[in-house]
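Asker: Dropping in model_21.pdb, with PDB, C-alpha atoms.
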```pdb
ATOM      1  CA  MET D   1      22.028  16.755 -94.051
ATOM      2  CA  GLU D   2      19.904  15.657 -91.365
ATOM      3  CA  ASN D   3      21.357  15.049 -87.986
ATOM      4  CA  ASP D   4      19.531  11.869 -87.088
ATOM      5  CA  SER D   5      21.581  10.161 -84.468
ATOM      6  CA  GLY D   6      18.619   8.192 -83.014
ATOM      7  CA  PHE D   7      18.846   9.944 -79.655
ATOM      8  CA  TYR D   8      15.663  11.138 -78.036
ATOM      9  CA  ALA D   9      15.583  13.485 -75.038
ATOM     10  CA  PRO D  10      14.062  12.037 -71.861
ATOM     11  CA  LEU D  11      10.382  12.632 -71.355
ATOM     12  CA  THR D  12       9.384  14.991 -68.558
ATOM     13  CA  TYR D  13       7.015  13.855 -65.866
ATOM     14  CA  SER D  14       3.585  15.349 -65.658
ATOM     15  CA  ALA D  15       3.103  18.147 -63.110
ATOM     16  CA  TRP D  16       0.332  16.272 -61.285
ATOM     17  CA  LEU D  17       2.493  13.264 -60.295
ATOM     18  CA  PRO D  18       4.391  15.003 -57.426
ATOM     19  CA  TRP D  19       1.097  16.348 -56.109
ATOM     20  CA  ALA D  20      -0.485  12.903 -56.267
ATOM     21  CA  GLY D  21       2.492  11.479 -54.347
ATOM     22  CA  LEU D  22       2.165  14.148 -51.669
ATOM     23  CA  GLY D  23      -1.572  13.497 -51.490
ATOM     24  CA  LEU D  24      -0.992   9.791 -50.954
ATOM     25  CA  LEU D  25       1.573  10.514 -48.242
ATOM     26  CA  PHE D  26      -0.919  12.831 -46.551
ATOM     27  CA  LEU D  27      -3.671  10.187 -46.702
ATOM     28  CA  VAL D  28      -1.384   7.529 -45.206
ATOM     29  CA  ALA D  29      -0.301   9.921 -42.422
ATOM     30  CA  ALA D  30      -3.938  10.860 -41.698
ATOM     31  CA  TRP D  31      -4.932   7.196 -41.587
ATOM     32  CA  LEU D  32      -2.103   6.359 -39.182
ATOM     33  CA  ALA D  33      -3.038   9.306 -36.965
ATOM     34  CA  PHE D  34      -6.683   8.211 -36.957
ATOM     35  CA  VAL D  35      -5.792   4.623 -36.028
ATOM     36  CA  PHE D  36      -3.413   5.762 -33.301
ATOM     37  CA  LEU D  37      -5.805   8.267 -31.752
ATOM     38  CA  SER D  38      -8.906   6.100 -32.000
ATOM     39  CA  THR D  39      -7.255   3.179 -30.208
ATOM     40  CA  ARG D  40      -5.841   5.198 -27.330
ATOM     41  CA  GLN D  41      -7.519   4.645 -23.987
ATOM     42  CA  ARG D  42      -9.412   7.751 -23.074
ATOM     43  CA  ARG D  43      -9.316   9.078 -19.556
ATOM     44  CA  ARG D  44     -12.739   9.310 -18.097
ATOM     45  CA  ALA D  45     -13.504  12.539 -16.404
ATOM     46  CA  VAL D  46     -14.593  12.012 -12.837
ATOM     47  CA  PRO D  47     -17.713  14.057 -12.290
ATOM     48  CA  ALA D  48     -17.049  16.761  -9.794
ATOM     49  CA  ALA D  49     -19.113  16.887  -6.670
ATOM     50  CA  PRO D  50     -22.118  19.097  -7.261
ATOM     51  CA  PHE D  51     -20.985  21.871  -4.970
ATOM     52  CA  GLY D  52     -22.670  25.200  -5.341
ATOM     53  CA  PRO D  53     -25.495  27.236  -3.927
ATOM     54  CA  GLN D  54     -28.162  24.728  -5.000
ATOM     55  CA  TRP D  55     -26.363  21.679  -3.610
ATOM     56  CA  ASP D  56     -27.720  20.402  -0.316
ATOM     57  CA  PRO D  57     -25.933  17.399   1.223
ATOM     58  CA  SER D  58     -28.718  16.817   3.728
ATOM     59  CA  SER D  59     -31.261  16.203   0.953
ATOM     60  CA  LEU D  60     -28.821  13.785  -0.711
ATOM     61  CA  LYS D  61     -28.394  11.962   2.585
ATOM     62  CA  LEU D  62     -32.179  11.741   3.068
ATOM     63  CA  ASP D  63     -32.583  10.371  -0.447
ATOM     64  CA  TYR D  64     -30.015   7.636   0.181
ATOM     65  CA  LEU D  65     -31.503   6.817   3.580
ATOM     66  CA  ARG D  66     -34.880   6.321   1.855
ATOM     67  CA  ARG D  67     -33.269   4.063  -0.743
ATOM     68  CA  ILE D  68     -31.604   1.983   1.973
ATOM     69  CA  ASP D  69     -34.934   1.667   3.787
ATOM     70  CA  ALA D  70     -36.592   0.525   0.546
ATOM     71  CA  VAL D  71     -33.995  -2.231   0.080
ATOM     72  CA  ALA D  72     -34.445  -3.359   3.697
ATOM     73  CA  ASP D  73     -38.234  -3.384   3.262
ATOM     74  CA  ASP D  74     -37.997  -5.387   0.041
ATOM     75  CA  ALA D  75     -35.752  -7.925   1.750
ATOM     76  CA  GLU D  76     -38.092  -8.263   4.707
ATOM     77  CA  ALA D  77     -41.080  -8.703   2.399
ATOM     78  CA  GLY D  78     -39.218 -11.406   0.474
ATOM     79  CA  ARG D  79     -38.990  -9.471  -2.808
ATOM     80  CA  LEU D  80     -35.181  -9.504  -2.628
ATOM     81  CA  SER D  81     -32.892 -12.310  -1.574
ATOM     82  CA  ALA D  82     -30.263 -11.725   1.075
ATOM     83  CA  ARG D  83     -27.508 -11.687  -1.533
ATOM     84  CA  ALA D  84     -29.351  -9.247  -3.807
ATOM     85  CA  SER D  85     -30.092  -7.026  -0.820
ATOM     86  CA  HIS D  86     -26.453  -6.918   0.225
ATOM     87  CA  GLN D  87     -25.409  -6.158  -3.351
ATOM     88  CA  GLU D  88     -27.929  -3.323  -3.565
ATOM     89  CA  LEU D  89     -26.758  -1.894  -0.244
ATOM     90  CA  SER D  90     -23.135  -2.061  -1.357
ATOM     91  CA  LEU D  91     -24.004  -0.264  -4.577
ATOM     92  CA  LEU D  92     -25.957   2.376  -2.665
ATOM     93  CA  ILE D  93     -22.954   3.068  -0.413
ATOM     94  CA  ARG D  94     -20.656   3.318  -3.430
ATOM     95  CA  ASN D  95     -23.062   5.590  -5.315
ATOM     96  CA  PHE D  96     -23.461   7.779  -2.249
ATOM     97  CA  VAL D  97     -19.687   8.239  -2.028
ATOM     98  CA  ARG D  98     -19.601   9.119  -5.731
ATOM     99  CA  ASP D  99     -22.463  11.608  -5.447
ATOM    100  CA  ILE D 100     -21.285  13.356  -2.306
ATOM    101  CA  ALA D 101     -17.505  13.303  -2.748
ATOM    102  CA  GLY D 102     -16.982  12.881  -6.484
ATOM    103  CA  ILE D 103     -14.949   9.686  -5.963
ATOM    104  CA  ASP D 104     -15.729   7.024  -8.572
ATOM    105  CA  ALA D 105     -16.383   4.403  -5.892
ATOM    106  CA  PRO D 106     -18.737   2.139  -7.903
ATOM    107  CA  ARG D 107     -15.791   1.090 -10.075
ATOM    108  CA  MET D 108     -13.221   0.638  -7.297
ATOM    109  CA  THR D 109     -12.009  -2.460  -5.562
ATOM    110  CA  LEU D 110     -11.955  -2.665  -1.795
ATOM    111  CA  ALA D 111      -8.213  -1.893  -1.721
ATOM    112  CA  GLU D 112      -8.758   1.191  -3.891
ATOM    113  CA  LEU D 113     -11.511   2.371  -1.554
ATOM    114  CA  HIS D 114      -9.108   2.094   1.393
ATOM    115  CA  ARG D 115      -6.481   4.124  -0.490
ATOM    116  CA  GLN D 116      -9.020   6.901  -1.216
ATOM    117  CA  GLY D 117      -9.200   7.851   2.440
ATOM    118  CA  ILE D 118     -12.833   6.907   3.035
ATOM    119  CA  PRO D 119     -12.440   4.395   5.861
ATOM    120  CA  ALA D 120     -16.102   4.297   6.917
ATOM    121  CA  ALA D 121     -17.322   3.392   3.438
ATOM    122  CA  ALA D 122     -14.491   0.920   2.888
ATOM    123  CA  ALA D 123     -15.201  -0.799   6.205
ATOM    124  CA  ALA D 124     -18.920  -1.015   5.417
ATOM    125  CA  ILE D 125     -18.230  -2.515   1.982
ATOM    126  CA  ARG D 126     -15.818  -5.001   3.574
ATOM    127  CA  ARG D 127     -18.551  -6.092   6.001
ATOM    128  CA  LEU D 128     -20.985  -6.639   3.120
ATOM    129  CA  TYR D 129     -18.582  -8.741   1.015
ATOM    130  CA  PRO D 130     -19.254 -12.159   2.637
ATOM    131  CA  ALA D 131     -23.016 -11.897   2.129
ATOM    132  CA  GLU D 132     -22.593 -10.440  -1.364
ATOM    133  CA  PHE D 133     -20.239 -13.076  -2.684
ATOM    134  CA  GLY D 134     -20.705 -16.004  -0.320
ATOM    135  CA  PRO D 135     -22.745 -19.080  -1.108
ATOM    136  CA  GLU D 136     -26.535 -18.725  -1.082
ATOM    137  CA  PRO D 137     -28.517 -20.968   1.245
ATOM    138  CA  ARG D 138     -29.398 -24.208  -0.565
ATOM    139  CA  ASP D 139     -33.018 -24.260   0.529
ATOM    140  CA  THR D 140     -35.564 -21.802  -0.796
ATOM    141  CA  GLU D 141     -37.316 -21.237   2.513
ATOM    142  CA  PRO D 142     -35.768 -18.650   4.824
ATOM    143  CA  ARG D 143     -34.181 -20.113   7.931
ATOM    144  CA  ASP D 144     -35.837 -18.455  10.909
ATOM    145  CA  THR D 145     -34.951 -14.775  10.668
ATOM    146  CA  GLU D 146     -31.272 -15.166   9.742
ATOM    147  CA  PRO D 147     -31.401 -13.652   6.228
ATOM    148  CA  HIS D 148     -33.641 -10.825   7.384
ATOM    149  CA  SER D 149     -31.503 -10.033  10.402
ATOM    150  CA  SER D 150     -28.317  -9.990   8.294
ATOM    151  CA  VAL D 151     -29.965  -7.618   5.806
ATOM    152  CA  ALA D 152     -31.206  -5.453   8.667
ATOM    153  CA  ALA D 153     -27.685  -5.262  10.099
ATOM    154  CA  ALA D 154     -26.255  -4.467   6.673
ATOM    155  CA  ALA D 155     -28.878  -1.776   6.151
ATOM    156  CA  GLU D 156     -27.969  -0.244   9.494
ATOM    157  CA  THR D 157     -24.301  -0.270   8.475
ATOM    158  CA  ALA D 158     -25.201   1.535   5.240
ATOM    159  CA  ARG D 159     -27.354   4.049   7.132
ATOM    160  CA  GLU D 160     -24.461   4.736   9.497
ATOM    161  CA  VAL D 161     -22.135   5.531   6.586
ATOM    162  CA  VAL D 162     -24.672   7.982   5.153
ATOM    163  CA  ARG D 163     -25.527   9.597   8.490
ATOM    164  CA  THR D 164     -21.929  10.105   9.624
ATOM    165  CA  TRP D 165     -20.543  11.441   6.337
ATOM    166  CA  ASN D 166     -18.967  14.861   6.731
TER     167      ASN D 166
END
```
Using structure tokens, write down the structure that the file contains.
Answerer:
Amino acid sequence: MENDSGFYAPLTYSAWLPWAGLGLLFLVAAWLAFVFLSTRQRRRAVPAAPFGPQWDPSSLKLDYLRRIDAVADDAEAGRLSARASHQELSLLIRNFVRDIAGIDAPRMTLAELHRQGIPAAAAAIRRLYPAEFGPEPRDTEPRDTEPHSSVAAAAETAREVVRTWN
């Protein structure tokens, strides 16, 4: 007599299904980690001042003094407007601070410059702000020597920052 009760034993799962599930979990975790890490804001390393036996601050100062003179000459010759000259001088002061002290001054606001403990550079930048961001003269012809004299004074301010840096 056959024992046919119509009952069938449950089927067993294949051995690869748990591994596939673990693989999918791993892929989801890796994707989440990638998204999280790729969207984090990275801290930018501030380049250290190039101290060492080959570093000579006097040659750096001379280089920046030459650059300041070139901006003043371009302004006097009419190749640069007063505003562009003041902006260039401000950028030169900020780049000089970055190169000599390792402070990321080109990206700082005036308040941040004051907090960095570089009062001479911050004061010079503050003096350049009105000519950098103020309204341009409406006429295209220079009025007497006013734009040239303001650029000359700004250039002297920039030279003073470079010369007096310790």
Asker: My list of candidates is D:Trp31, D:Ile68, D:Gln87, D:Ala131. Which is closest to Glu156 of chain D when distances are computed with all atoms listed in the file?
Answerer: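 Smallest separation from Glu156 of chain D among the options: D:Ile68.
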Asker: Tell me, as a PyMOL selection string, which residues lie within 9 Å of segment 123-130 of chain D, counting all atoms listed in the file; anything in the same chain fewer than 6 positions away does not count.
Answerer: chain D and resi 86-87+89-90+93-94+110+114+154+157-158+160-161
Asker: From the list D:Ala121, D:Val35, D:Ala70, D:Leu24, which residue is nearest Asn95 of chain D when using only C-alpha atoms?
Answerer: D:Ala121
Asker: Do you have the atom CA of Ala84 of chain D-atom CA of Ala153 of chain D distance handy?
Answerer: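 Here the two named atoms are 14.6 Å from each other.
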Asker: Using all atoms listed in the file, pick whichever of D:Ala29, D:Arg83, D:Ser14, D:Phe34 has the shortest atom-to-atom distance to Gly134 of chain D.
Answerer: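 Of D:Ala29, D:Arg83, D:Ser14, D:Phe34, the one nearest Gly134 of chain D is D:Arg83, counting all atoms listed in the file.
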Asker: Between atom CA of Ile100 of chain D and atom CA of Leu60 of chain D, what is the distance, to one decimal in Å?
Answerer: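 Computing the Euclidean distance for atom CA of Ile100 of chain D and atom CA of Leu60 of chain D yields 7.7 Å.
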Asker: Between D:Ala9, D:Ile103, D:Leu92, D:Leu113, which one has atoms that come closest to Asp69 of chain D, using only C-alpha atoms?
Answerer: D:Leu92
Asker: Might you pull out every residue within 9 Å of segment 72-75 of chain D, with all atoms listed in the file counted and same-chain residues fewer than 5 positions away left off, and present them as a PyMOL selection string?
Answerer: chain D and resi 67+80-82+84-85+89+147-148+151-152+154-155
Asker: One decimal, Å: what's the distance from atom CA of Val28 of chain D over to atom CA of Leu11 of chain D, could you say?
Answerer: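 About the pair atom CA of Val28 of chain D and atom CA of Leu11 of chain D: they are 29.1 Å apart.
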Asker: From the set D:Ala77, D:Leu22, D:Ala111, D:Val162, which residue has the shortest atom-to-atom contact distance to Asp99 of chain D, counting only C-alpha atoms?
Answerer: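 For Asp99 of chain D, the nearest of the given residues is D:Val162.
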Asker: Nearest residue to Phe96 of chain D out of D:Thr12, D:Ser150, D:Ser59, D:Thr39, using only C-alpha atoms?
Answerer: D:Ser59
